[in-house]
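Participant: Next up, structure_18.cif (mmCIF, C-alpha atoms (C1' of nucleotides)).
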data_input
loop_
_atom_site.label_atom_id
_atom_site.label_comp_id
_atom_site.auth_asym_id
_atom_site.auth_seq_id
_atom_site.Cartn_x
_atom_site.Cartn_y
_atom_site.Cartn_z
CA MET A 1 -2.97 -30.21 6.33
CA LYS A 2 -6.72 -29.65 6.30
CA GLN A 3 -8.54 -28.64 9.41
CA ASN A 4 -9.35 -31.67 11.51
CA GLY A 5 -10.13 -30.18 14.85
CA SER A 6 -7.21 -31.94 16.48
CA ASP A 7 -5.02 -28.88 16.55
CA ASN A 8 -7.75 -26.62 17.87
CA LYS A 9 -6.29 -26.92 21.33
CA LEU A 10 -2.86 -26.01 20.07
CA ILE A 11 -4.09 -22.98 18.14
CA SER A 12 -6.27 -21.92 21.01
CA GLY A 13 -3.35 -22.25 23.40
CA ARG A 14 -1.13 -20.12 21.24
CA LEU A 15 -3.73 -17.40 21.18
CA GLU A 16 -4.15 -17.49 24.94
CA THR A 17 -0.41 -17.40 25.50
CA ALA A 18 -0.29 -14.29 23.39
CA GLY A 19 -3.08 -12.73 25.44
CA VAL A 20 -5.79 -13.12 22.81
CA ILE A 21 -9.17 -14.54 23.80
CA PRO A 22 -9.60 -17.60 21.60
CA THR A 23 -13.02 -17.20 20.06
CA ALA A 24 -14.26 -19.58 17.40
CA GLN A 25 -13.70 -17.00 14.67
CA ARG A 26 -10.17 -16.23 15.76
CA ILE A 27 -9.22 -19.90 16.01
CA ALA A 28 -10.61 -20.56 12.55
CA ILE A 29 -8.81 -17.62 10.94
CA TYR A 30 -5.56 -18.26 12.75
CA ARG A 31 -5.60 -21.94 11.79
CA TYR A 32 -6.25 -21.00 8.19
CA LEU A 33 -3.32 -18.60 8.32
CA LEU A 34 -1.00 -21.15 9.92
CA CYS A 35 -1.98 -24.34 8.15
CA GLU A 36 -3.65 -23.65 4.84
CA ALA A 37 -2.89 -20.24 3.47
CA ASN A 38 0.26 -18.72 2.06
CA HIS A 39 0.46 -14.97 2.56
CA PRO A 40 -3.24 -14.44 1.94
CA THR A 41 -5.04 -11.14 1.55
CA ALA A 42 -8.01 -10.23 3.73
CA GLU A 43 -10.20 -10.94 0.75
CA GLU A 44 -8.86 -14.47 0.38
CA ILE A 45 -9.49 -15.11 4.04
CA LYS A 46 -13.05 -13.89 3.62
CA THR A 47 -13.55 -16.13 0.59
CA TRP A 48 -12.25 -19.09 2.54
CA ALA A 49 -14.47 -18.21 5.48
CA ASP A 50 -17.54 -18.00 3.25
CA LYS A 51 -17.02 -21.69 2.47
CA ASN A 52 -15.77 -22.92 5.84
CA PHE A 53 -17.17 -20.61 8.48
CA PRO A 54 -20.46 -19.14 7.28
CA LYS A 55 -21.61 -15.86 8.80
CA LEU A 56 -18.10 -14.73 9.61
CA SER A 57 -18.10 -11.09 8.61
CA LEU A 58 -15.48 -9.11 6.75
CA ALA A 59 -15.19 -6.79 9.75
CA THR A 60 -14.23 -9.77 11.86
CA VAL A 61 -11.58 -10.77 9.35
CA TYR A 62 -9.98 -7.34 9.66
CA ASN A 63 -10.51 -7.16 13.43
CA THR A 64 -8.89 -10.54 13.89
CA LEU A 65 -5.96 -9.75 11.65
CA ASN A 66 -5.29 -6.58 13.59
CA VAL A 67 -5.63 -8.37 16.91
CA LEU A 68 -3.12 -11.00 15.76
CA ILE A 69 -0.71 -8.32 14.58
CA GLU A 70 -1.04 -6.49 17.87
CA ALA A 71 -0.28 -9.74 19.68
CA ASN A 72 2.80 -10.34 17.53
CA LEU A 73 1.38 -13.48 15.99
CA LEU A 74 1.16 -12.04 12.51
CA LYS A 75 2.96 -9.60 10.26
CA GLU A 76 1.89 -7.36 7.44
CA VAL A 77 3.72 -7.51 4.16
CA LYS A 78 3.30 -4.79 1.58
CA VAL A 79 4.48 -5.46 -1.92
CA PRO A 80 5.09 -2.80 -4.59
CA HIS A 81 2.31 -2.51 -7.15
CA GLU A 82 0.01 -4.71 -5.10
CA ALA A 83 -2.87 -2.81 -3.51
CA LYS A 84 -3.78 -5.36 -0.89
CA ILE A 85 -1.92 -6.18 2.27
CA LEU A 86 -0.50 -9.70 2.54
CA TYR A 87 -0.45 -11.42 5.92
CA ASP A 88 2.42 -13.57 7.09
CA SER A 89 1.88 -16.00 9.96
CA ASN A 90 5.56 -16.91 10.06
CA ILE A 91 6.83 -14.61 12.76
CA SER A 92 10.36 -15.98 12.95
CA TYR A 93 13.08 -13.99 11.22
CA HIS A 94 13.01 -14.75 7.52
CA HIS A 95 12.96 -13.13 4.11
CA HIS A 96 10.83 -13.21 0.97
CA PHE A 97 11.01 -13.97 -2.71
CA LEU A 98 8.32 -12.49 -4.93
CA ASP A 99 7.62 -14.45 -8.10
CA GLU A 100 7.07 -11.84 -10.80
CA ASP A 101 5.05 -14.26 -12.91
CA SER A 102 2.58 -15.59 -10.40
CA GLY A 103 2.70 -12.84 -7.81
CA GLU A 104 3.32 -15.55 -5.22
CA LEU A 105 5.34 -14.60 -2.17
CA VAL A 106 7.69 -17.33 -0.92
CA ASP A 107 9.31 -17.49 2.50
CA ILE A 108 13.09 -17.64 2.43
CA PRO A 109 14.77 -18.95 5.60
CA SER A 110 17.15 -16.41 7.05
CA GLU A 111 19.98 -18.95 6.86
CA LEU A 112 19.94 -18.65 3.07
CA VAL A 113 20.50 -14.92 3.03
CA GLU A 114 23.39 -13.24 4.71
CA VAL A 115 23.11 -9.50 5.21
CA THR A 116 26.16 -7.57 6.32
CA SER A 117 25.74 -3.88 6.83
CA THR A 118 28.27 -1.24 7.76
CA LEU A 119 26.02 1.69 8.55
CA ALA A 120 27.13 4.57 10.71
CA LYS A 121 26.59 3.67 14.37
CA GLU A 122 23.96 6.37 14.45
CA PHE A 123 21.63 3.81 12.86
CA GLN A 124 20.36 1.25 15.33
CA VAL A 125 18.86 -1.52 13.27
CA HIS A 126 16.15 -3.61 14.93
CA ASP A 127 14.91 -5.54 11.96
CA ILE A 128 15.98 -6.30 8.43
CA GLN A 129 13.68 -7.49 5.72
CA VAL A 130 14.93 -8.62 2.37
CA LEU A 131 12.57 -8.83 -0.55
CA MET A 132 13.93 -10.57 -3.60
CA ARG A 133 12.03 -10.30 -6.83
CA GLY A 134 12.46 -12.49 -9.84
CA LYS A 135 11.23 -15.48 -11.73
CA ARG A 136 11.01 -19.05 -10.67
CA GLN A 137 12.51 -21.47 -13.18
CA LYS A 138 10.24 -24.36 -14.02
CA THR A 139 11.95 -27.47 -12.66
CA ARG A 140 12.85 -29.73 -15.55
CA THR A 141 11.09 -33.09 -15.65
CA GLN A 142 13.28 -36.16 -15.12
CA HIS A 143 13.41 -38.67 -18.04
CA MET Z 144 18.82 23.36 -3.46
CA LYS Z 145 15.74 25.42 -4.16
CA GLN Z 146 14.32 25.70 -7.62
CA ASN Z 147 16.13 28.38 -9.56
CA GLY Z 148 15.23 27.63 -13.10
CA SER Z 149 18.81 26.88 -14.04
CA ASP Z 150 18.34 23.12 -13.95
CA ASN Z 151 15.11 23.22 -15.94
CA LYS Z 152 17.00 22.25 -19.06
CA LEU Z 153 18.63 19.35 -17.29
CA ILE Z 154 15.37 18.04 -15.86
CA SER Z 155 13.63 18.56 -19.15
CA GLY Z 156 16.40 16.70 -20.95
CA ARG Z 157 16.17 13.75 -18.62
CA LEU Z 158 12.46 13.49 -19.23
CA GLU Z 159 12.91 13.62 -22.98
CA THR Z 160 15.66 11.02 -22.89
CA ALA Z 161 13.27 8.76 -21.04
CA GLY Z 162 10.60 9.35 -23.66
CA VAL Z 163 8.43 11.61 -21.55
CA ILE Z 164 7.13 14.86 -23.00
CA PRO Z 165 8.45 17.55 -20.65
CA THR Z 166 5.44 19.64 -19.78
CA ALA Z 167 5.63 22.39 -17.19
CA GLN Z 168 3.81 20.26 -14.62
CA ARG Z 169 6.04 17.26 -15.15
CA ILE Z 170 9.20 19.32 -14.93
CA ALA Z 171 8.00 20.94 -11.71
CA ILE Z 172 7.05 17.66 -10.07
CA TYR Z 173 10.17 15.85 -11.21
CA ARG Z 174 12.41 18.65 -9.98
CA TYR Z 175 10.65 18.61 -6.65
CA LEU Z 176 11.19 14.85 -6.45
CA LEU Z 177 14.85 15.10 -7.40
CA CYS Z 178 15.96 18.22 -5.57
CA GLU Z 179 13.67 19.03 -2.68
CA ALA Z 180 11.68 16.06 -1.48
CA ASN Z 181 12.70 12.91 0.31
CA HIS Z 182 10.43 9.96 -0.43
CA PRO Z 183 7.29 12.09 -0.52
CA THR Z 184 3.72 10.88 -0.72
CA ALA Z 185 1.37 12.07 -3.47
CA GLU Z 186 -0.29 14.23 -0.84
CA GLU Z 187 2.98 15.97 0.03
CA ILE Z 188 3.62 16.65 -3.62
CA LYS Z 189 0.15 18.16 -3.93
CA THR Z 190 0.73 20.34 -0.86
CA TRP Z 191 4.01 21.55 -2.31
CA ALA Z 192 2.35 22.21 -5.65
CA ASP Z 193 -0.41 24.24 -4.02
CA LYS Z 194 2.28 26.65 -2.88
CA ASN Z 195 4.61 26.55 -5.85
CA PHE Z 196 2.55 25.61 -8.87
CA PRO Z 197 -1.02 26.80 -8.40
CA LYS Z 198 -3.76 25.06 -10.36
CA LEU Z 199 -1.83 21.81 -10.63
CA SER Z 200 -4.45 19.16 -9.94
CA LEU Z 201 -4.21 16.06 -7.82
CA ALA Z 202 -5.00 13.97 -10.88
CA THR Z 203 -1.93 15.42 -12.56
CA VAL Z 204 0.18 14.53 -9.56
CA TYR Z 205 -0.89 10.91 -9.85
CA ASN Z 206 -0.70 10.88 -13.64
CA THR Z 207 2.81 12.29 -13.55
CA LEU Z 208 3.99 9.86 -10.89
CA ASN Z 209 2.71 6.96 -12.94
CA VAL Z 210 4.28 8.31 -16.11
CA LEU Z 211 7.62 8.64 -14.33
CA ILE Z 212 7.36 5.12 -12.96
CA GLU Z 213 6.50 3.79 -16.40
CA ALA Z 214 9.56 5.60 -17.79
CA ASN Z 215 11.79 4.09 -15.09
CA LEU Z 216 12.57 7.47 -13.57
CA LEU Z 217 10.81 6.74 -10.30
CA LYS Z 218 10.08 3.86 -7.98
CA GLU Z 219 7.29 3.09 -5.57
CA VAL Z 220 8.11 2.16 -2.02
CA LYS Z 221 5.52 0.59 0.24
CA VAL Z 222 6.19 0.52 3.93
CA PRO Z 223 4.37 -1.66 6.47
CA HIS Z 224 1.73 0.18 8.48
CA GLU Z 225 1.91 3.20 6.22
CA ALA Z 226 -1.15 3.59 4.03
CA LYS Z 227 0.34 5.89 1.45
CA ILE Z 228 2.80 5.07 -1.27
CA LEU Z 229 6.22 6.71 -1.01
CA TYR Z 230 8.02 7.75 -4.17
CA ASP Z 231 11.75 7.35 -4.65
CA SER Z 232 13.50 9.34 -7.36
CA ASN Z 233 16.79 7.54 -6.74
CA ILE Z 234 16.67 4.81 -9.34
CA SER Z 235 20.14 3.44 -8.78
CA TYR Z 236 20.48 0.25 -6.77
CA HIS Z 237 20.25 1.09 -3.10
CA HIS Z 238 18.50 0.15 0.13
CA HIS Z 239 16.45 1.84 2.83
CA PHE Z 240 16.42 2.54 6.52
CA LEU Z 241 13.10 3.37 8.12
CA ASP Z 242 13.31 5.50 11.24
CA GLU Z 243 10.69 4.11 13.62
CA ASP Z 244 10.46 7.40 15.51
CA SER Z 245 10.02 9.87 12.69
CA GLY Z 246 8.75 7.56 9.96
CA GLU Z 247 11.47 8.98 7.74
CA LEU Z 248 12.86 6.73 5.04
CA VAL Z 249 16.60 7.11 4.44
CA ASP Z 250 18.50 5.92 1.38
CA ILE Z 251 21.32 3.51 2.13
CA PRO Z 252 23.97 3.14 -0.58
CA SER Z 253 24.27 -0.44 -1.77
CA GLU Z 254 27.97 -0.42 -0.88
CA LEU Z 255 27.05 -0.35 2.79
CA VAL Z 256 24.95 -3.50 2.67
CA GLU Z 257 26.23 -6.80 1.43
CA VAL Z 258 23.61 -9.41 0.62
CA THR Z 259 24.75 -12.96 -0.05
CA SER Z 260 22.06 -15.46 -0.88
CA THR Z 261 22.29 -19.16 -1.51
CA LEU Z 262 18.87 -19.88 -2.90
CA ALA Z 263 18.14 -22.94 -4.99
CA LYS Z 264 19.01 -22.15 -8.61
CA GLU Z 265 15.32 -22.42 -9.35
CA PHE Z 266 15.06 -18.85 -8.04
CA GLN Z 267 16.29 -16.27 -10.52
CA VAL Z 268 16.67 -13.07 -8.60
CA HIS Z 269 16.41 -9.84 -10.58
CA ASP Z 270 16.26 -7.36 -7.75
CA ILE Z 271 16.92 -7.26 -4.05
CA GLN Z 272 15.55 -4.65 -1.73
CA VAL Z 273 16.61 -4.41 1.86
CA LEU Z 274 14.51 -2.47 4.33
CA MET Z 275 16.11 -1.88 7.69
CA ARG Z 276 13.96 -0.61 10.50
CA GLY Z 277 15.21 0.95 13.68
CA LYS Z 278 15.95 4.11 15.51
CA ARG Z 279 18.36 6.84 14.72
CA GLN Z 280 20.59 7.79 17.65
CA LYS Z 281 20.70 11.52 18.28
CA THR Z 282 24.25 12.58 17.50
CA ARG Z 283 25.88 13.82 20.71
CA THR Z 284 26.75 17.50 20.78
CA GLN Z 285 30.46 18.31 20.93
CA HIS Z 286 31.62 20.22 24.06
"C1'" DT K 287 1.63 31.24 -39.69
"C1'" DT K 288 -2.97 28.33 -39.72
"C1'" DT K 289 -4.79 23.58 -39.32
"C1'" DT K 290 -4.97 19.26 -37.54
"C1'" DA K 291 -4.02 15.42 -34.70
"C1'" DA K 292 -2.20 13.76 -30.67
"C1'" DT K 293 -1.27 14.21 -26.03
"C1'" DA K 294 -1.76 16.19 -21.39
"C1'" DA K 295 -4.26 18.54 -17.63
"C1'" DT K 296 -8.23 19.13 -15.09
"C1'" DA K 297 -12.46 18.63 -11.91
"C1'" DG K 298 -15.08 15.71 -10.09
"C1'" DA K 299 -17.07 11.09 -9.94
"C1'" DA K 300 -15.98 6.31 -9.14
"C1'" DT K 301 -13.55 2.53 -7.07
"C1'" DA K 302 -11.79 -0.34 -3.60
"C1'" DA K 303 -9.29 -1.56 0.60
"C1'" DT K 304 -9.69 -0.76 5.18
"C1'" DT K 305 -11.63 1.30 9.36
"C1'" DC K 306 -15.34 2.98 12.09
"C1'" DT K 307 -19.93 2.87 14.45
"C1'" DA K 308 -23.51 1.34 17.01
"C1'" DA K 309 -26.20 -2.46 18.14
"C1'" DA K 310 -26.64 -7.39 19.10
"C1'" DA K 311 -24.35 -11.59 20.66
"C1'" DT K 312 -21.21 -13.98 23.37
"C1'" DT K 313 -18.23 -14.82 27.08
"C1'" DA K 314 -16.26 -14.82 31.89
"C1'" DG K 315 -16.58 -13.90 36.45
"C1'" DA K 316 -19.24 -12.74 40.64
"C1'" DT F 317 -28.37 -16.22 36.94
"C1'" DC F 318 -26.62 -11.41 36.73
"C1'" DT F 319 -23.50 -8.24 35.34
"C1'" DA F 320 -19.76 -6.27 32.99
"C1'" DA F 321 -16.57 -6.73 29.55
"C1'" DT F 322 -15.44 -8.24 25.16
"C1'" DT F 323 -16.43 -9.73 20.52
"C1'" DT F 324 -19.06 -10.01 16.32
"C1'" DT F 325 -21.71 -8.05 12.95
"C1'" DA F 326 -23.86 -5.18 9.03
"C1'" DG F 327 -23.47 -1.41 6.99
"C1'" DA F 328 -21.78 3.32 6.78
"C1'" DA F 329 -17.66 6.13 6.52
"C1'" DT F 330 -13.09 7.05 5.22
"C1'" DT F 331 -9.29 7.55 2.22
"C1'" DA F 332 -5.80 6.71 -1.28
"C1'" DT F 333 -5.87 6.09 -5.89
"C1'" DT F 334 -7.90 5.62 -10.51
"C1'" DC F 335 -11.19 6.69 -14.03
"C1'" DT F 336 -14.05 9.67 -17.12
"C1'" DA F 337 -15.18 13.15 -20.02
"C1'" DT F 338 -14.02 17.71 -21.20
"C1'" DT F 339 -10.86 21.36 -22.04
"C1'" DA F 340 -6.25 22.96 -22.89
"C1'" DT F 341 -1.85 22.45 -24.75
"C1'" DT F 342 1.57 20.81 -27.66
"C1'" DA F 343 3.78 19.10 -32.09
"C1'" DA F 344 3.67 18.37 -36.68
"C1'" DA F 345 1.81 19.23 -41.24
"C1'" DA F 346 0.25 22.14 -44.71
#
Represent the structure of the file as structure tokens.
Facilitator:
Amino acid sequence: MKQNGSDNKLISGRLETAGVIPTAQRIAIYRYLLCEANHPTAEEIKTWADKNFPKLSLATVYNTLNVLIEANLLKEVKVPHEAKILYDSNISYHHHFLDEDSGELVDIPSELVEVTSTLAKEFQVHDIQVLMRGKRQKTRTQH
Amino acid sequence: MKQNGSDNKLISGRLETAGVIPTAQRIAIYRYLLCEANHPTAEEIKTWADKNFPKLSLATVYNTLNVLIEANLLKEVKVPHEAKILYDSNISYHHHFLDEDSGELVDIPSELVEVTSTLAKEFQVHDIQVLMRGKRQKTRTQH
DNA sequence: TTTTAATAATAGAATAATTCTAAAATTAGA
DNA sequence: TCTAATTTTAGAATTATTCTATTATTAAAA
């Protein structure tokens, strides 16, 4: 799903709907987040931009990420023993699996994880996030 | 449960069992983590040390935390939108509730949260951590 | 005990991710 | 076009954490 310009309108519309002025930089970064990247760091976004959107500054990467978060189009994910923030453009309710070998973070649909809690009613839970850590078995080749 | 010296032996023994040489600084920090603090940051530990263990340096705080983590006596917790690492001296399997008002992180016993996942068998899960976010209702005063 | 070797603690410098600042560029509306 | 508001930018500042080199402490050996 490489950038082809055809979904510019769609991306732009989503930004506007969320109250974000759709500048060229924001559209580019948001499309990268939605269509090409998988939980990238700010650094990865900058590296991508250096190839695909010259002159886009690191400050703009951070500004845009924070604008998207503020507009509820993006979420931060912090992972233990990983210094950099990961960004998640999937804003629907879901969970994560962290591959201990590759460091890759994989989205897990909420349907695959059932969480039942019996906390004291004092605790009003608004959000639950489940982070599973482990290894991903290499899928065996068919003969 | 203020420090009284009586559990020095116990703390010291736990460190030794874990293969950590029990120096005065390590015992002090580990006791603070176990008995007084609740998911402190390195900064909070340093502030406590400035009052209770003069001359203990910030470098030693970080060194000790990393030694404890390496020895499996301590775990890191990273929370979204919180820059600093929180440290958790409860190493048994449990979950967390983050109070959105106070920022306080509360341990939730694993018995109170049931997690049932049906991931593809490709995913070998070694650890699950559940972070619940929400507000804590003020408990109503009895008349 | 002394001696020696290994380990830990320390102050301060270095690193690195993110945020801030102030100026220039762009945009949107009048 | 003019004006005001917003965004982008480069580079400086901030801040949590780690590193470095030295000194202090500990543990074991003689």
Participant: Could you tell me which residues the PyMOL selection byres ((chain F) within 9 of (chain Z)) returns for this structure, as a list in words?
Facilitator: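 This file, filtered by the PyMOL selection byres ((chain F) within 9 of (chain Z)), leaves DA332, DT333, DT334 and DT342 of chain F.
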Participant: Chain Z residues within 10 Å of chain A, counting only C-alpha atoms: which ones, as a PyMOL selection string?
Facilitator: chain Z and resi 218-226+228+238-243+251-283
Participant: Set the distance at 8 Å and use only C-alpha atoms (C1' of nucleotides): which residues neighbour range 289-298 of chain K once local chain neighbours fewer than 3 positions away are removed? I'd like the list as a PyMOL selection string.
Facilitator: (chain Z and resi 200+202-203) or (chain F and resi 339-342+345-346)
Participant: What are the coordinates of chain Z as an mmCIF file with C-alpha atoms, in the frame of the given file following a least-squares fit to chain A on all in-order C-alpha atoms?
Facilitator:
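As written to disk, part_30.cif reads:
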data_model
loop_
_atom_site.group_PDB
_atom_site.id
_atom_site.type_symbol
_atom_site.label_atom_id
_atom_site.label_comp_id
_atom_site.auth_asym_id
_atom_site.auth_seq_id
_atom_site.Cartn_x
_atom_site.Cartn_y
_atom_site.Cartn_z
ATOM 1 C CA MET Z 144 -2.973 -30.225 6.267
ATOM 2 C CA LYS Z 145 -6.699 -29.640 6.256
ATOM 3 C CA GLN Z 146 -8.528 -28.629 9.370
ATOM 4 C CA ASN Z 147 -9.361 -31.670 11.439
ATOM 5 C CA GLY Z 148 -10.141 -30.238 14.792
ATOM 6 C CA SER Z 149 -7.224 -31.998 16.421
ATOM 7 C CA ASP Z 150 -5.031 -28.907 16.482
ATOM 8 C CA ASN Z 151 -7.784 -26.670 17.832
ATOM 9 C CA LYS Z 152 -6.328 -26.969 21.302
ATOM 10 C CA LEU Z 153 -2.896 -26.047 20.048
ATOM 11 C CA ILE Z 154 -4.116 -23.013 18.126
ATOM 12 C CA SER Z 155 -6.307 -21.980 21.000
ATOM 13 C CA GLY Z 156 -3.385 -22.311 23.393
ATOM 14 C CA ARG Z 157 -1.162 -20.154 21.250
ATOM 15 C CA LEU Z 158 -3.773 -17.438 21.181
ATOM 16 C CA GLU Z 159 -4.205 -17.542 24.934
ATOM 17 C CA THR Z 160 -0.465 -17.459 25.516
ATOM 18 C CA ALA Z 161 -0.347 -14.334 23.402
ATOM 19 C CA GLY Z 162 -3.136 -12.785 25.442
ATOM 20 C CA VAL Z 163 -5.837 -13.175 22.831
ATOM 21 C CA ILE Z 164 -9.208 -14.601 23.809
ATOM 22 C CA PRO Z 165 -9.636 -17.658 21.579
ATOM 23 C CA THR Z 166 -13.051 -17.265 20.039
ATOM 24 C CA ALA Z 167 -14.291 -19.630 17.362
ATOM 25 C CA GLN Z 168 -13.721 -17.039 14.639
ATOM 26 C CA ARG Z 169 -10.199 -16.264 15.758
ATOM 27 C CA ILE Z 170 -9.258 -19.916 15.996
ATOM 28 C CA ALA Z 171 -10.633 -20.567 12.515
ATOM 29 C CA ILE Z 172 -8.832 -17.632 10.937
ATOM 30 C CA TYR Z 173 -5.573 -18.284 12.744
ATOM 31 C CA ARG Z 174 -5.611 -21.949 11.775
ATOM 32 C CA TYR Z 175 -6.259 -21.005 8.187
ATOM 33 C CA LEU Z 176 -3.319 -18.596 8.326
ATOM 34 C CA LEU Z 177 -1.015 -21.150 9.917
ATOM 35 C CA CYS Z 178 -1.975 -24.344 8.131
ATOM 36 C CA GLU Z 179 -3.653 -23.642 4.823
ATOM 37 C CA ALA Z 180 -2.888 -20.208 3.466
ATOM 38 C CA ASN Z 181 0.275 -18.696 2.096
ATOM 39 C CA HIS Z 182 0.479 -14.938 2.588
ATOM 40 C CA PRO Z 183 -3.228 -14.413 1.963
ATOM 41 C CA THR Z 184 -5.030 -11.118 1.577
ATOM 42 C CA ALA Z 185 -8.012 -10.216 3.766
ATOM 43 C CA GLU Z 186 -10.185 -10.914 0.745
ATOM 44 C CA GLU Z 187 -8.835 -14.453 0.386
ATOM 45 C CA ILE Z 188 -9.480 -15.098 4.041
ATOM 46 C CA LYS Z 189 -13.049 -13.876 3.610
ATOM 47 C CA THR Z 190 -13.541 -16.118 0.569
ATOM 48 C CA TRP Z 191 -12.243 -19.090 2.521
ATOM 49 C CA ALA Z 192 -14.478 -18.210 5.449
ATOM 50 C CA ASP Z 193 -17.536 -17.998 3.214
ATOM 51 C CA LYS Z 194 -17.005 -21.668 2.441
ATOM 52 C CA ASN Z 195 -15.787 -22.917 5.790
ATOM 53 C CA PHE Z 196 -17.183 -20.610 8.431
ATOM 54 C CA PRO Z 197 -20.471 -19.145 7.237
ATOM 55 C CA LYS Z 198 -21.634 -15.875 8.763
ATOM 56 C CA LEU Z 199 -18.115 -14.735 9.588
ATOM 57 C CA SER Z 200 -18.109 -11.077 8.594
ATOM 58 C CA LEU Z 201 -15.484 -9.107 6.753
ATOM 59 C CA ALA Z 202 -15.202 -6.793 9.740
ATOM 60 C CA THR Z 203 -14.256 -9.785 11.863
ATOM 61 C CA VAL Z 204 -11.603 -10.768 9.366
ATOM 62 C CA TYR Z 205 -10.005 -7.351 9.680
ATOM 63 C CA ASN Z 206 -10.524 -7.159 13.434
ATOM 64 C CA THR Z 207 -8.919 -10.553 13.905
ATOM 65 C CA LEU Z 208 -5.967 -9.749 11.666
ATOM 66 C CA ASN Z 209 -5.317 -6.586 13.622
ATOM 67 C CA VAL Z 210 -5.653 -8.386 16.937
ATOM 68 C CA LEU Z 211 -3.146 -10.999 15.786
ATOM 69 C CA ILE Z 212 -0.734 -8.326 14.615
ATOM 70 C CA GLU Z 213 -1.079 -6.498 17.914
ATOM 71 C CA ALA Z 214 -0.330 -9.772 19.728
ATOM 72 C CA ASN Z 215 2.771 -10.353 17.586
ATOM 73 C CA LEU Z 216 1.344 -13.495 16.027
ATOM 74 C CA LEU Z 217 1.146 -12.036 12.541
ATOM 75 C CA LYS Z 218 2.960 -9.597 10.311
ATOM 76 C CA GLU Z 219 1.892 -7.353 7.481
ATOM 77 C CA VAL Z 220 3.740 -7.489 4.209
ATOM 78 C CA LYS Z 221 3.325 -4.774 1.613
ATOM 79 C CA VAL Z 222 4.513 -5.458 -1.878
ATOM 80 C CA PRO Z 223 5.112 -2.827 -4.569
ATOM 81 C CA HIS Z 224 2.335 -2.585 -7.143
ATOM 82 C CA GLU Z 225 0.041 -4.765 -5.082
ATOM 83 C CA ALA Z 226 -2.818 -2.840 -3.523
ATOM 84 C CA LYS Z 227 -3.743 -5.337 -0.862
ATOM 85 C CA ILE Z 228 -1.904 -6.159 2.311
ATOM 86 C CA LEU Z 229 -0.488 -9.676 2.584
ATOM 87 C CA TYR Z 230 -0.449 -11.401 5.950
ATOM 88 C CA ASP Z 231 2.424 -13.556 7.134
ATOM 89 C CA SER Z 232 1.872 -15.986 9.990
ATOM 90 C CA ASN Z 233 5.561 -16.897 10.102
ATOM 91 C CA ILE Z 234 6.836 -14.592 12.801
ATOM 92 C CA SER Z 235 10.356 -15.937 12.978
ATOM 93 C CA TYR Z 236 13.095 -13.959 11.269
ATOM 94 C CA HIS Z 237 13.022 -14.714 7.574
ATOM 95 C CA HIS Z 238 12.964 -13.103 4.142
ATOM 96 C CA HIS Z 239 10.837 -13.197 1.010
ATOM 97 C CA PHE Z 240 11.005 -13.984 -2.659
ATOM 98 C CA LEU Z 241 8.340 -12.508 -4.892
ATOM 99 C CA ASP Z 242 7.623 -14.469 -8.048
ATOM 100 C CA GLU Z 243 7.088 -11.877 -10.778
ATOM 101 C CA ASP Z 244 5.058 -14.308 -12.881
ATOM 102 C CA SER Z 245 2.585 -15.623 -10.351
ATOM 103 C CA GLY Z 246 2.727 -12.851 -7.762
ATOM 104 C CA GLU Z 247 3.343 -15.545 -5.172
ATOM 105 C CA LEU Z 248 5.369 -14.595 -2.127
ATOM 106 C CA VAL Z 249 7.706 -17.326 -0.872
ATOM 107 C CA ASP Z 250 9.327 -17.473 2.554
ATOM 108 C CA ILE Z 251 13.108 -17.629 2.490
ATOM 109 C CA PRO Z 252 14.784 -18.912 5.660
ATOM 110 C CA SER Z 253 17.183 -16.368 7.107
ATOM 111 C CA GLU Z 254 19.998 -18.922 6.916
ATOM 112 C CA LEU Z 255 19.942 -18.646 3.142
ATOM 113 C CA VAL Z 256 20.513 -14.903 3.070
ATOM 114 C CA GLU Z 257 23.423 -13.216 4.729
ATOM 115 C CA VAL Z 258 23.135 -9.471 5.204
ATOM 116 C CA THR Z 259 26.213 -7.551 6.294
ATOM 117 C CA SER Z 260 25.796 -3.839 6.769
ATOM 118 C CA THR Z 261 28.325 -1.203 7.661
ATOM 119 C CA LEU Z 262 26.091 1.721 8.439
ATOM 120 C CA ALA Z 263 27.239 4.638 10.546
ATOM 121 C CA LYS Z 264 26.692 3.755 14.208
ATOM 122 C CA GLU Z 265 24.078 6.476 14.270
ATOM 123 C CA PHE Z 266 21.736 3.903 12.713
ATOM 124 C CA GLN Z 267 20.455 1.365 15.211
ATOM 125 C CA VAL Z 268 18.931 -1.408 13.197
ATOM 126 C CA HIS Z 269 16.229 -3.472 14.888
ATOM 127 C CA ASP Z 270 14.966 -5.430 11.929
ATOM 128 C CA ILE Z 271 16.036 -6.234 8.416
ATOM 129 C CA GLN Z 272 13.715 -7.434 5.724
ATOM 130 C CA VAL Z 273 14.960 -8.599 2.383
ATOM 131 C CA LEU Z 274 12.588 -8.827 -0.549
ATOM 132 C CA MET Z 275 13.947 -10.595 -3.586
ATOM 133 C CA ARG Z 276 12.048 -10.320 -6.819
ATOM 134 C CA GLY Z 277 12.474 -12.558 -9.805
ATOM 135 C CA LYS Z 278 11.220 -15.535 -11.662
ATOM 136 C CA ARG Z 279 10.991 -19.104 -10.614
ATOM 137 C CA GLN Z 280 12.488 -21.524 -13.136
ATOM 138 C CA LYS Z 281 10.184 -24.409 -13.967
ATOM 139 C CA THR Z 282 11.897 -27.503 -12.614
ATOM 140 C CA ARG Z 283 12.816 -29.760 -15.540
ATOM 141 C CA THR Z 284 10.995 -33.071 -15.679
ATOM 142 C CA GLN Z 285 13.156 -36.159 -15.192
ATOM 143 C CA HIS Z 286 13.274 -38.592 -18.168
#
Participant: To one decimal in Å, tell me the separation between CA of Lys198 in chain Z and CA of Asn215 in chain Z.
Facilitator: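 Distance between the two atoms: 26.5 Å.
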